[in-house]
There are 2 protein chains.
Amino acid sequence: MISHLGSVSLEDVAKRAGVSIMTVSRAFRRPDALSEDTLEKVLRAADALGYLPNQIASGLRSKRSQTIACVIPTISSPVYANVVQGIADAISPEGYSLVLGTSNYAVDEERRVMMSLLAYRPEAVVLAGGDHRPELTRSLARLKAPLAELWELVPKPLDMNVGFSNHAAGAAIVDHLIRMGSHRIAFMTVKVEHARVRARRAAYEAAVAKVLDHAPIVIATDLSIEGGRRGLKRLRDRHPDVDGLFCTSDSIAVGAMLEAMEVGWSVPDDLAIAGFGDLEIGRHVPPGMTTVRVPEYRVGQIAGEMIVGRLLGRPEGARTVDVGFELVARGSSARPEIKRVRRR
Amino acid sequence: MISHLGSVSLEDVAKRAGVSIMTVSRAFRRPDALSEDTLEKVLRAADALGYLPNQIASGLRSKRSQTIACVIPTISSPVYANVVQGIADAISPEGYSLVLGTSNYAVDEERRVMMSLLAYRPEAVVLAGGDHRPELTRSLARLKAPLAELWELVPKPLDMNVGFSNHAAGAAIVDHLIRMGSHRIAFMTVKVEHARVRARRAAYEAAVAKVLDHAPIVIATDLSIEGGRRGLKRLRDRHPDVDGLFCTSDSIAVGAMLEAMEVGWSVPDDLAIAGFGDLEIGRHVPPGMTTVRVPEYRVGQIAGEMIVGRLLGRPEGARTVDVGFELVARGSSARPEIKRVRRR
DNA sequence: CAGGCGCCTGTTAACGATAACAACATCGCA
DNA sequence: TGCGATGTTGTTATCGTTAACAGGCGCCTG
């Protein structure tokens with residue numbers, strides 16, 4: 001029996017089993033609608049021929065591709081990787097597959113990639129954040145498919161929305177640093193800020209203006225430990241008087257902390273530091289990184305469940321879910337036992 | 001104009017533009033085959049109606065799904081995330097999309113997921129490693145599509161193979177530790193070993209047996225920094241006489257190093273440590289983690305290029321590519337200036 | 001025993017696109 | 001002037017599946 005996988009059709013199986021094509025089709029989709037004898041006959045024939053259902057033909061006829069499209073900024077970030085894993089785990093038991101695209105944080109690319117994924121007629125669509133090209137928004141609005149915007153809470157969701165408030169999280173961090181005794185706080189950000197980072201920054205700027213009454217001190221650097229080190233060098237040169245630092249990511253924060261210690265600043269006594277994202281390493285670099293923890297996997301999982309719920313016509317609950325965040329206070333921002341001594 | 005995205009077909013556009021369906025089809029696939037007038041007329045009509053090509057119908061008729069299926073153990077590991085990114089970046093310019101599945105390191109799940117992805121008739125298939133269910137191997141062998149096994153070099157590739165030799169890398173690490181002065185080396189591994197880890201371990205066992213003449217000392221723990229810490233505690237309790245440690249992953253190695261320092265072992269003087277994977281944090285935790293660096297992104301990129309090359313009928317080169325690895329020697333394994341002093 | 005209802009299986013016509021070929025106009029050149 | 005080459009557009013059949021409906025058969029019920 002020489003036959004390439006995928007070259008065997010319902011017709012081949014039907015012929016061999018001595019039944020009609022429809023009967024074979026039913027054997028796979030509604031086996032209980034067939035008599036036991038017929039079912040077994042068909043399955044035996046299918047097995048012998050190595051039949052594999054053709055989801056493309058099925059999708060064309062039934063208009064159900066069993067596919068969910070997902071465009072995220074990058075897969076090379078544990079954040080989105082975990083979100084994607086959550087989605088995949090939630091939809092796969094119901095027979096849906098994930099078609100993935102990445103935008104590299106660029107709205108143009110997001111639109112391009114999503115439009116090319118839409119050609120596969122996904123039954124639902126998942127996007128990161130709420131910042132999209134207007135043309136894409138318009139296209140998606142015309143789509144009947146369920147749509148989920150993930151990771152950040154957006155003011156006007158297109159449809160479903162699962163995430164947390166970056167603004168609230170940023171405010172919580174700055175508030176925490178202030179309560180721990182910082183008087184002059186800087187914000188370390190990435191060079192190209194996306195909406196999530198901008199929200200954290202806005203929260204920072206509002207808080208320092210209102211509570212500490214100083215102008216924002218913002219340092220932009222690369223999203224890496226090395227970037228954090230370089231950022232701290234610049235901070236020390238330009239603003240030696242800061243005593244608090246909020247970094248938009250844990251990897252930057254860890255780099256800043258390692259560098260601070262290397263140049264003789266004590267953390268948290270000279271400089272209190274907080275990051276974002278709860279990377280594992282933050283727990284382990286002494287004295288431990290204060291950070292914000294967000295349930296990434298849960299975000300994807302909840303979204304996946306909401307989507308398949310809609311697709312399967314289950315009664316639906318709220319279309320927006322705030323998964324919240326957790327402020328994790330560790331040594332990098334601890335209140336010093338003795339009164340903090342200002343340098344210089 | 002109320003029309004749901006995706007509900008507009010070639011026929012609708014053709015009617016509006018006053019041409020035949022084929023002409024519209026050509027307008028998108030071979031625009032230079034049409035006269036300028038016709039092309040513009042068609043494109044205008046398509047635009048007005050919001051036409052979006054239906055890749056499902058196209059795929060059914062042309063037998064080209066423009067899709068590549070990929071099953072990896074997990075997406076929540078920077079290693080595979082980078083590999084996937086490399087593939088995606090290489091295939092996307094040629095119009096191919098990635099359909100992703102994860103196996104969670106289980107060959108049964110790998111088979112299940114891959115079979116369900118095959119229903120979409122991908123034009124090529126990508127797998128991690130060479131360790132598969134025999135049934136899957138058989139199915140894939142019957143598939144005419146190009147197939148790539150990534151990340152590790154396997155003895156008998158099914159088709160294409162891009163990766164490096166885990167055995168050689170493991171041997172290089174142990175050899176390095178020995179040259180740096182270790183006499184008694186332990187191996188810290190994960191609780192469920194997959195083929196890649198087993199190859200590293202085999203290299204370790206061979207080397208210590210041959211060169212150092214001691215029985216293997218193996219500690220299994222969780223794949224995390226915390227796991228490395230716990231592993232080191234066990235190592236200290238059970239084998240206080242080791243002076244070298246090879247960890248199968250950098251996160252374990254970093255945990256072990258942090259814990260070693262906490263319990264008073266000096267690294268590298270009391271215990272030389274080496275990891276695997278070159279995580280960024282390894283560069284930054286003093287005294288710097290000795291490790292093996294593998295070009296993950298390149299692996300994916302090369303595989304992606306080989307695949308589209310095959311699909312586009314370009315002349316092909318070798319079907320197996322060894323991307324090699326790099327031994328990165330840092331402080332955690334440095335030869336101590338003074339003769340190493342054995343503890344106790 | 002007619003009528004009706006379930007159960008099981010089959011027939012027909014799509015789904016939206018493309019391959020293959022056909023047809024026609026135009027053009028260049030012998 | 002004739003003829004093949006070239007360029008442009010159209011026609012037909014088909015990809016593999018499923019929706020919708022049709023029909024046969026057995027069995028129950030009144």
# chains A, B, ... in the order shown; residues from 1 in each chain; ligands from 1
>>> residues_around(residues="DA19 in chain C", least_positions_apart="3", cutoff="12 Å", atoms="only C-alpha atoms (C1' of nucleotides)", output="ChimeraX atom specification")
/B:22,58,61-63 /D:12-15
>>> write_last_selection(atoms="C-alpha atoms (C1' of nucleotides)", output="compact mmCIF listing (two decimals), in the first residue's frame")
# COMPACT_ATOMS: atom_id res chain seq x y z
CA MET B 22 -10.36 34.12 -13.06
CA SER B 58 -7.06 28.33 -2.37
CA ARG B 61 -7.74 23.59 -4.91
CA SER B 62 -4.03 24.25 -5.30
CA LYS B 63 -2.91 21.83 -2.60
C1' DT D 12 -14.89 24.20 -17.43
C1' DA D 13 -13.81 20.90 -14.19
C1' DT D 14 -12.21 19.90 -9.83
C1' DC D 15 -9.97 19.95 -4.98
>>> interface_residues(of="chain D", to="chain A", cutoff="12 Å", atoms="only C-alpha atoms (C1' of nucleotides)", output="VMD selection string")
chain D and resid 15 to 19
>>> atom_distance(atom1="CA of Ser139 in chain B", atom2="CA of Asp159 in chain B")
13.3 Å
>>> select_by_dssp(residues="range 236-270 of chain A", states="strand (DSSP E)", output="JSON, numbers by chain")
{"A": [244, 245, 246, 247]}
>>> calpha_fit_and_write(fixed="chain A", moving="chain B", output="compact mmCIF listing (two decimals) with C-alpha atoms, in the first residue's frame")
# COMPACT_ATOMS: atom_id res chain seq x y z
CA MET B 1 -0.09 0.11 -0.15
CA ILE B 2 1.81 3.10 -1.42
CA SER B 3 -0.07 6.24 -0.64
CA HIS B 4 1.24 9.54 0.53
CA LEU B 5 -0.16 10.75 3.76
CA GLY B 6 -2.94 13.14 2.95
CA SER B 7 -3.59 11.72 -0.47
CA VAL B 8 -6.32 9.47 0.88
CA SER B 9 -9.77 10.98 0.81
CA LEU B 10 -13.15 10.06 2.20
CA GLU B 11 -13.97 8.62 -1.17
CA ASP B 12 -11.11 6.13 -1.04
CA VAL B 13 -12.13 4.97 2.40
CA ALA B 14 -15.77 4.78 1.37
CA LYS B 15 -14.94 2.63 -1.62
CA ARG B 16 -12.88 0.24 0.42
CA ALA B 17 -15.44 -0.03 3.19
CA GLY B 18 -18.30 -0.38 0.72
CA VAL B 19 -20.27 2.53 2.10
CA SER B 20 -21.06 6.07 1.04
CA ILE B 21 -18.83 9.06 1.59
CA MET B 22 -21.22 10.53 4.12
CA THR B 23 -21.02 7.43 6.24
CA VAL B 24 -17.27 7.73 6.42
CA SER B 25 -17.54 11.39 7.28
CA ARG B 26 -19.93 10.54 10.08
CA ALA B 27 -17.66 7.83 11.38
CA PHE B 28 -15.25 10.54 12.40
CA ARG B 29 -17.55 13.32 13.42
CA ARG B 30 -20.51 11.57 15.00
CA PRO B 31 -19.55 7.93 15.49
CA ASP B 32 -22.63 7.27 17.63
CA ALA B 33 -24.84 7.97 14.66
CA LEU B 34 -23.59 4.80 12.99
CA SER B 35 -24.28 1.17 13.70
CA GLU B 36 -21.48 -0.65 15.40
CA ASP B 37 -20.82 -2.86 12.41
CA THR B 38 -20.58 -0.03 9.94
CA LEU B 39 -18.43 2.04 12.24
CA GLU B 40 -15.92 -0.72 12.69
CA LYS B 41 -15.84 -1.49 8.99
CA VAL B 42 -15.17 2.14 8.19
CA LEU B 43 -12.55 2.64 10.84
CA ARG B 44 -10.73 -0.46 9.70
CA ALA B 45 -10.69 0.74 6.13
CA ALA B 46 -9.55 4.20 7.18
CA ASP B 47 -6.78 2.73 9.24
CA ALA B 48 -5.62 0.45 6.47
CA LEU B 49 -5.41 3.33 4.04
CA GLY B 50 -3.90 5.76 6.52
CA TYR B 51 -6.70 8.22 6.16
CA LEU B 52 -6.19 11.67 7.67
CA PRO B 53 -9.12 14.10 7.72
CA ASN B 54 -8.60 17.15 5.57
CA GLN B 55 -9.35 20.14 7.72
CA ILE B 56 -8.99 22.46 4.74
CA ALA B 57 -11.84 20.90 2.83
CA SER B 58 -13.86 20.58 5.99
CA GLY B 59 -13.24 24.21 6.82
CA LEU B 60 -14.27 25.38 3.39
CA ARG B 61 -17.57 23.58 3.41
CA SER B 62 -18.50 24.01 7.06
CA LYS B 63 -17.00 27.47 7.44
CA ARG B 64 -15.34 26.35 10.61
CA SER B 65 -11.57 26.39 10.35
CA GLN B 66 -11.01 25.19 13.93
CA THR B 67 -8.32 27.79 14.06
CA ILE B 68 -7.61 30.83 16.24
CA ALA B 69 -5.27 33.56 15.04
CA CYS B 70 -2.96 35.27 17.47
CA VAL B 71 -0.59 38.17 16.90
CA ILE B 72 1.78 39.15 19.69
CA PRO B 73 4.74 41.54 19.74
CA THR B 74 7.33 38.80 20.16
CA ILE B 75 7.57 35.25 21.24
CA SER B 76 11.04 35.80 22.67
CA SER B 77 9.68 37.25 25.88
CA PRO B 78 8.58 35.03 28.72
CA VAL B 79 5.55 37.24 29.17
CA TYR B 80 4.00 36.58 25.78
CA ALA B 81 5.32 33.04 25.66
CA ASN B 82 3.36 32.28 28.82
CA VAL B 83 0.28 34.05 27.54
CA VAL B 84 0.41 32.03 24.33
CA GLN B 85 0.91 28.81 26.25
CA GLY B 86 -2.18 29.63 28.29
CA ILE B 87 -4.25 30.20 25.18
CA ALA B 88 -2.98 27.06 23.49
CA ASP B 89 -3.70 24.90 26.53
CA ALA B 90 -7.21 26.27 26.82
CA ILE B 91 -8.25 25.88 23.19
CA SER B 92 -6.50 22.66 22.27
CA PRO B 93 -8.83 20.31 24.23
CA GLU B 94 -11.70 21.67 22.15
CA GLY B 95 -9.87 20.87 18.95
CA TYR B 96 -8.72 24.34 18.03
CA SER B 97 -5.23 25.14 16.80
CA LEU B 98 -3.29 28.35 17.14
CA VAL B 99 -1.95 30.20 14.13
CA LEU B 100 0.72 32.56 15.36
CA GLY B 101 2.20 35.78 14.09
CA THR B 102 4.55 38.33 15.61
CA SER B 103 4.55 42.08 15.14
CA ASN B 104 7.82 43.01 16.82
CA TYR B 105 5.99 45.80 18.66
CA ALA B 106 5.15 47.59 15.38
CA VAL B 107 1.51 48.40 14.64
CA ASP B 108 2.14 48.34 10.90
CA GLU B 109 3.58 44.88 11.11
CA GLU B 110 0.75 43.84 13.39
CA ARG B 111 -1.74 44.85 10.74
CA ARG B 112 0.17 43.16 7.93
CA VAL B 113 0.57 39.90 9.82
CA MET B 114 -2.99 39.82 11.07
CA MET B 115 -4.42 40.45 7.62
CA SER B 116 -2.42 37.57 6.24
CA LEU B 117 -3.64 35.33 9.06
CA LEU B 118 -7.24 36.37 8.40
CA ALA B 119 -6.93 34.73 5.00
CA TYR B 120 -7.11 31.43 6.87
CA ARG B 121 -10.53 32.42 8.22
CA PRO B 122 -9.78 31.92 11.91
CA GLU B 123 -12.85 31.53 14.06
CA ALA B 124 -11.46 33.94 16.63
CA VAL B 125 -8.71 36.49 16.89
CA VAL B 126 -6.32 37.39 19.68
CA LEU B 127 -4.20 40.52 19.88
CA ALA B 128 -1.85 42.01 22.42
CA GLY B 129 -2.91 45.31 23.86
CA GLY B 130 -5.27 47.88 22.50
CA ASP B 131 -2.97 49.88 20.28
CA HIS B 132 -3.70 49.04 16.64
CA ARG B 133 -3.73 50.58 13.20
CA PRO B 134 -7.13 52.14 12.55
CA GLU B 135 -7.43 50.14 9.32
CA LEU B 136 -6.93 46.95 11.30
CA THR B 137 -9.47 48.01 13.88
CA ARG B 138 -11.94 48.65 11.11
CA SER B 139 -11.29 45.29 9.49
CA LEU B 140 -11.64 43.51 12.79
CA ALA B 141 -14.85 45.33 13.59
CA ARG B 142 -16.36 43.94 10.40
CA LEU B 143 -15.27 40.49 11.40
CA LYS B 144 -17.99 38.50 13.10
CA ALA B 145 -15.47 36.39 14.99
CA PRO B 146 -14.87 36.74 18.71
CA LEU B 147 -11.88 38.93 19.39
CA ALA B 148 -9.75 39.25 22.48
CA GLU B 149 -7.29 41.95 23.39
CA LEU B 150 -4.87 40.65 25.96
CA TRP B 151 -2.40 41.70 28.58
CA GLU B 152 -3.48 45.26 29.17
CA LEU B 153 -6.87 46.61 30.09
CA VAL B 154 -7.95 49.01 27.37
CA PRO B 155 -10.43 51.86 27.70
CA LYS B 156 -12.65 50.81 24.81
CA PRO B 157 -12.23 47.11 24.07
CA LEU B 158 -13.20 46.00 20.58
CA ASP B 159 -14.80 42.91 22.09
CA MET B 160 -13.25 40.86 24.88
CA ASN B 161 -10.41 42.11 27.04
CA VAL B 162 -8.31 40.21 29.58
CA GLY B 163 -5.45 41.83 31.43
CA PHE B 164 -4.56 44.27 34.14
CA SER B 165 -4.12 47.99 34.54
CA ASN B 166 -0.56 49.04 33.87
CA HIS B 167 -1.41 52.45 35.22
CA ALA B 168 -2.62 51.06 38.52
CA ALA B 169 0.40 48.78 38.76
CA GLY B 170 2.78 51.66 38.08
CA ALA B 171 1.01 53.79 40.65
CA ALA B 172 1.24 50.99 43.21
CA ILE B 173 4.97 50.67 42.68
CA VAL B 174 5.70 54.38 43.00
CA ASP B 175 3.42 54.64 46.00
CA HIS B 176 5.28 51.77 47.59
CA LEU B 177 8.67 53.35 46.98
CA ILE B 178 7.44 56.58 48.53
CA ARG B 179 6.08 54.82 51.59
CA MET B 180 9.40 53.06 51.94
CA GLY B 181 11.10 56.41 52.20
CA SER B 182 12.17 57.49 48.72
CA HIS B 183 12.00 61.22 48.07
CA ARG B 184 13.34 61.45 44.57
CA ILE B 185 12.39 58.68 42.18
CA ALA B 186 13.57 58.00 38.65
CA PHE B 187 11.89 55.89 35.95
CA MET B 188 13.95 53.61 33.74
CA THR B 189 12.20 52.72 30.52
CA VAL B 190 12.84 51.14 27.14
CA LYS B 191 13.86 53.16 24.13
CA VAL B 192 10.70 52.52 22.12
CA GLU B 193 7.80 52.60 24.50
CA HIS B 194 4.61 50.75 23.73
CA ALA B 195 1.25 51.49 25.28
CA ARG B 196 1.83 49.30 28.33
CA VAL B 197 5.06 51.05 29.19
CA ARG B 198 3.56 54.45 28.52
CA ALA B 199 0.81 53.72 31.03
CA ARG B 200 3.35 52.81 33.70
CA ARG B 201 5.29 55.93 32.94
CA ALA B 202 2.21 58.12 33.09
CA ALA B 203 1.42 56.70 36.53
CA TYR B 204 4.98 57.44 37.61
CA GLU B 205 4.89 61.00 36.32
CA ALA B 206 1.57 61.70 37.97
CA ALA B 207 2.74 60.36 41.32
CA VAL B 208 6.07 62.17 41.50
CA ALA B 209 4.41 65.39 40.42
CA LYS B 210 1.68 65.11 42.99
CA VAL B 211 3.37 63.55 45.98
CA LEU B 212 7.08 64.26 45.66
CA ASP B 213 6.76 67.45 43.70
CA HIS B 214 9.77 66.94 41.46
CA ALA B 215 10.07 66.81 37.69
CA PRO B 216 10.12 63.35 36.09
CA ILE B 217 13.53 61.77 35.75
CA VAL B 218 13.42 59.35 32.88
CA ILE B 219 16.23 57.17 31.54
CA ALA B 220 15.70 55.14 28.40
CA THR B 221 17.80 52.06 27.77
CA ASP B 222 17.76 48.60 26.20
CA LEU B 223 15.48 45.87 27.50
CA SER B 224 18.15 43.69 29.10
CA ILE B 225 20.27 43.29 32.18
CA GLU B 226 23.10 44.96 30.34
CA GLY B 227 20.73 47.80 29.47
CA GLY B 228 19.91 48.20 33.15
CA ARG B 229 23.60 48.46 34.00
CA ARG B 230 24.20 51.13 31.39
CA GLY B 231 21.07 52.96 32.48
CA LEU B 232 22.24 53.06 36.06
CA LYS B 233 25.60 54.48 35.05
CA ARG B 234 23.81 57.30 33.26
CA LEU B 235 21.49 57.82 36.20
CA ARG B 236 24.41 58.11 38.61
CA ASP B 237 26.18 60.60 36.37
CA ARG B 238 23.19 62.82 35.72
CA HIS B 239 21.05 62.43 38.82
CA PRO B 240 23.25 61.39 41.73
CA ASP B 241 20.57 62.62 44.12
CA VAL B 242 17.87 60.05 43.36
CA ASP B 243 17.04 57.57 46.09
CA GLY B 244 14.38 55.54 44.32
CA LEU B 245 14.19 53.81 40.95
CA PHE B 246 11.24 52.24 39.16
CA CYS B 247 12.23 50.10 36.17
CA THR B 248 9.69 49.10 33.56
CA SER B 249 11.03 45.56 33.51
CA ASP B 250 12.73 43.20 35.92
CA SER B 251 15.67 42.51 33.66
CA ILE B 252 16.49 46.20 33.56
CA ALA B 253 15.97 46.43 37.32
CA VAL B 254 18.29 43.50 38.01
CA GLY B 255 20.97 45.06 35.83
CA ALA B 256 20.56 48.37 37.60
CA MET B 257 20.80 46.72 40.97
CA LEU B 258 23.93 44.74 40.10
CA GLU B 259 25.56 47.87 38.74
CA ALA B 260 24.49 49.98 41.70
CA MET B 261 26.19 47.60 44.07
CA GLU B 262 29.25 47.52 41.90
CA VAL B 263 29.63 51.29 42.04
CA GLY B 264 29.14 51.32 45.77
CA TRP B 265 25.50 52.33 46.14
CA SER B 266 23.79 50.22 48.73
CA VAL B 267 20.41 48.81 47.79
CA PRO B 268 17.98 49.69 49.27
CA ASP B 269 19.66 52.14 51.67
CA ASP B 270 21.14 54.45 49.07
CA LEU B 271 18.81 53.52 46.27
CA ALA B 272 15.55 51.62 46.50
CA ILE B 273 14.73 49.72 43.32
CA ALA B 274 11.58 48.15 41.93
CA GLY B 275 11.05 46.27 38.70
CA PHE B 276 8.15 44.80 36.79
CA GLY B 277 7.22 41.26 35.82
CA ASP B 278 8.61 39.04 38.58
CA LEU B 279 11.34 37.29 36.64
CA GLU B 280 12.66 34.35 38.60
CA ILE B 281 16.12 35.84 38.90
CA GLY B 282 14.68 38.82 40.77
CA ARG B 283 13.84 36.56 43.69
CA HIS B 284 17.39 35.33 43.90
CA VAL B 285 19.68 38.29 43.42
CA PRO B 286 20.27 39.64 46.89
CA PRO B 287 18.55 41.46 48.48
CA GLY B 288 15.64 40.34 46.25
CA MET B 289 13.84 42.50 43.72
CA THR B 290 10.63 44.29 44.57
CA THR B 291 8.33 43.87 41.60
CA VAL B 292 4.85 43.48 40.20
CA ARG B 293 3.61 40.02 39.44
CA VAL B 294 0.99 39.45 36.76
CA PRO B 295 -0.56 36.04 36.09
CA GLU B 296 0.55 35.77 32.47
CA TYR B 297 -0.48 32.21 31.89
CA ARG B 298 -3.88 32.90 33.45
CA VAL B 299 -4.43 35.79 31.06
CA GLY B 300 -4.01 33.48 28.11
CA GLN B 301 -5.98 30.71 29.72
CA ILE B 302 -8.93 32.91 30.61
CA ALA B 303 -8.98 34.40 27.14
CA GLY B 304 -8.83 30.95 25.57
CA GLU B 305 -11.70 29.76 27.71
CA MET B 306 -13.80 32.81 26.94
CA ILE B 307 -13.19 32.32 23.25
CA VAL B 308 -14.07 28.65 23.05
CA GLY B 309 -17.04 29.38 25.29
CA ARG B 310 -18.30 31.84 22.75
CA LEU B 311 -17.54 29.55 19.82
CA LEU B 312 -19.36 26.66 21.44
CA GLY B 313 -22.30 28.86 22.28
CA ARG B 314 -21.97 28.55 26.01
CA PRO B 315 -23.60 31.25 28.10
CA GLU B 316 -21.10 33.99 28.55
CA GLY B 317 -20.06 36.09 31.50
CA ALA B 318 -18.28 39.41 31.51
CA ARG B 319 -16.38 40.36 28.38
CA THR B 320 -13.70 42.19 30.32
CA VAL B 321 -11.64 40.46 32.97
CA ASP B 322 -9.20 42.29 35.20
CA VAL B 323 -6.77 39.64 36.42
CA GLY B 324 -5.14 42.17 38.69
CA PHE B 325 -1.54 42.23 39.78
CA GLU B 326 0.42 41.66 42.91
CA LEU B 327 2.97 43.97 44.43
CA VAL B 328 5.80 41.76 45.63
CA ALA B 329 7.90 43.68 48.15
CA ARG B 330 11.40 42.33 48.60
CA GLY B 331 14.68 43.60 49.92
CA SER B 332 15.45 46.00 47.09
CA SER B 333 12.90 48.43 48.47
CA ALA B 334 12.84 47.51 52.16
CA ARG B 335 12.54 50.30 54.66
CA PRO B 336 16.02 50.75 56.06
CA GLU B 337 16.29 50.01 59.74
CA ILE B 338 18.19 53.15 60.49
CA LYS B 339 17.24 56.45 58.98
CA ARG B 340 18.44 56.58 55.45
CA VAL B 341 21.69 58.45 55.13
CA ARG B 342 21.91 60.62 52.04
CA ARG B 343 25.08 60.27 50.08
CA ARG B 344 27.40 63.20 49.63
>>> closest_atom_pairs(of="chain C", to="chain B", cutoff="6 Å", atoms="only C-alpha atoms (C1' of nucleotides)", output="JSON lines")
{"residue": "C:DG16", "atom": "C1'", "partner": "B:Ala57", "partner_atom": "CA", "distance": 4.9}
{"residue": "C:DA17", "atom": "C1'", "partner": "B:Ser58", "partner_atom": "CA", "distance": 4.6}
{"residue": "C:DT18", "atom": "C1'", "partner": "B:Arg61", "partner_atom": "CA", "distance": 5.8}
>>> select_by_dssp(residues="range 271-315 of chain A", states="helix (DSSP H, G or I)", output="list in words")
Glu280, Ile281, Gly282, Arg283, His284, Glu296, Tyr297, Arg298, Val299, Gly300, Gln301, Ile302, Ala303, Gly304, Glu305, Met306, Ile307, Val308, Gly309, Arg310 and Leu311 of chain A
>>> write_last_selection(atoms="N, CA and C atoms", output="short mmCIF file (atom, residue, chain, number, x, y, z; two decimals), in the first residue's frame")
data_model
loop_
_atom_site.label_atom_id
_atom_site.label_comp_id
_atom_site.auth_asym_id
_atom_site.auth_seq_id
_atom_site.Cartn_x
_atom_site.Cartn_y
_atom_site.Cartn_z
N GLU A 280 12.18 35.22 37.58
CA GLU A 280 12.67 34.39 38.68
C GLU A 280 13.96 34.93 39.27
N ILE A 281 14.83 35.43 38.45
CA ILE A 281 16.13 35.87 38.96
C ILE A 281 15.98 36.98 40.00
N GLY A 282 14.92 37.77 39.86
CA GLY A 282 14.71 38.87 40.81
C GLY A 282 14.57 38.38 42.25
N ARG A 283 14.03 37.21 42.39
CA ARG A 283 13.87 36.63 43.73
C ARG A 283 15.21 36.27 44.34
N HIS A 284 16.20 36.02 43.47
CA HIS A 284 17.43 35.39 43.96
C HIS A 284 18.63 36.31 44.04
N GLU A 296 0.45 35.80 34.02
CA GLU A 296 0.49 35.77 32.56
C GLU A 296 -0.27 34.58 32.00
N TYR A 297 0.08 33.41 32.50
CA TYR A 297 -0.56 32.20 31.99
C TYR A 297 -2.07 32.28 32.13
N ARG A 298 -2.53 32.77 33.29
CA ARG A 298 -3.96 32.90 33.54
C ARG A 298 -4.63 33.80 32.51
N VAL A 299 -3.94 34.86 32.15
CA VAL A 299 -4.51 35.78 31.15
C VAL A 299 -4.84 35.01 29.88
N GLY A 300 -3.86 34.22 29.40
CA GLY A 300 -4.08 33.45 28.19
C GLY A 300 -5.16 32.40 28.38
N GLN A 301 -5.11 31.76 29.53
CA GLN A 301 -6.06 30.69 29.80
C GLN A 301 -7.49 31.23 29.85
N ILE A 302 -7.67 32.30 30.58
CA ILE A 302 -9.01 32.89 30.68
C ILE A 302 -9.51 33.30 29.30
N ALA A 303 -8.64 33.95 28.54
CA ALA A 303 -9.04 34.38 27.20
C ALA A 303 -9.42 33.17 26.35
N GLY A 304 -8.60 32.13 26.41
CA GLY A 304 -8.89 30.93 25.64
C GLY A 304 -10.23 30.34 26.02
N GLU A 305 -10.50 30.30 27.31
CA GLU A 305 -11.77 29.74 27.76
C GLU A 305 -12.95 30.60 27.32
N MET A 306 -12.79 31.91 27.42
CA MET A 306 -13.87 32.79 26.98
C MET A 306 -14.15 32.57 25.50
N ILE A 307 -13.08 32.43 24.73
CA ILE A 307 -13.25 32.29 23.29
C ILE A 307 -13.95 30.99 22.93
N VAL A 308 -13.46 29.88 23.45
CA VAL A 308 -14.12 28.63 23.08
C VAL A 308 -15.54 28.61 23.64
N GLY A 309 -15.73 29.25 24.78
CA GLY A 309 -17.09 29.35 25.31
C GLY A 309 -18.01 30.02 24.29
N ARG A 310 -17.56 31.12 23.76
CA ARG A 310 -18.35 31.82 22.74
C ARG A 310 -18.56 30.95 21.51
N LEU A 311 -17.49 30.32 21.05
CA LEU A 311 -17.57 29.54 19.82
C LEU A 311 -18.50 28.35 19.99
#
>>> residues_around(residues="DG4 in chain C", least_positions_apart="5", cutoff="12 Å", atoms="only C-alpha atoms (C1' of nucleotides)", output="VMD selection string")
chain D and resid 27 to 30
>>> write_last_selection(atoms="C-alpha atoms (C1' of nucleotides)", output="PDB file, in the first residue's frame")
ATOM      1  C1'  DC D  27     -41.235  -1.207  15.039  1.00  0.00           C
ATOM      2  C1'  DC D  28     -44.723   0.748  17.854  1.00  0.00           C
ATOM      3  C1'  DT D  29     -49.355   2.383  18.449  1.00  0.00           C
ATOM      4  C1'  DG D  30     -54.145   2.997  18.086  1.00  0.00           C
TER       5       DG D  30
END
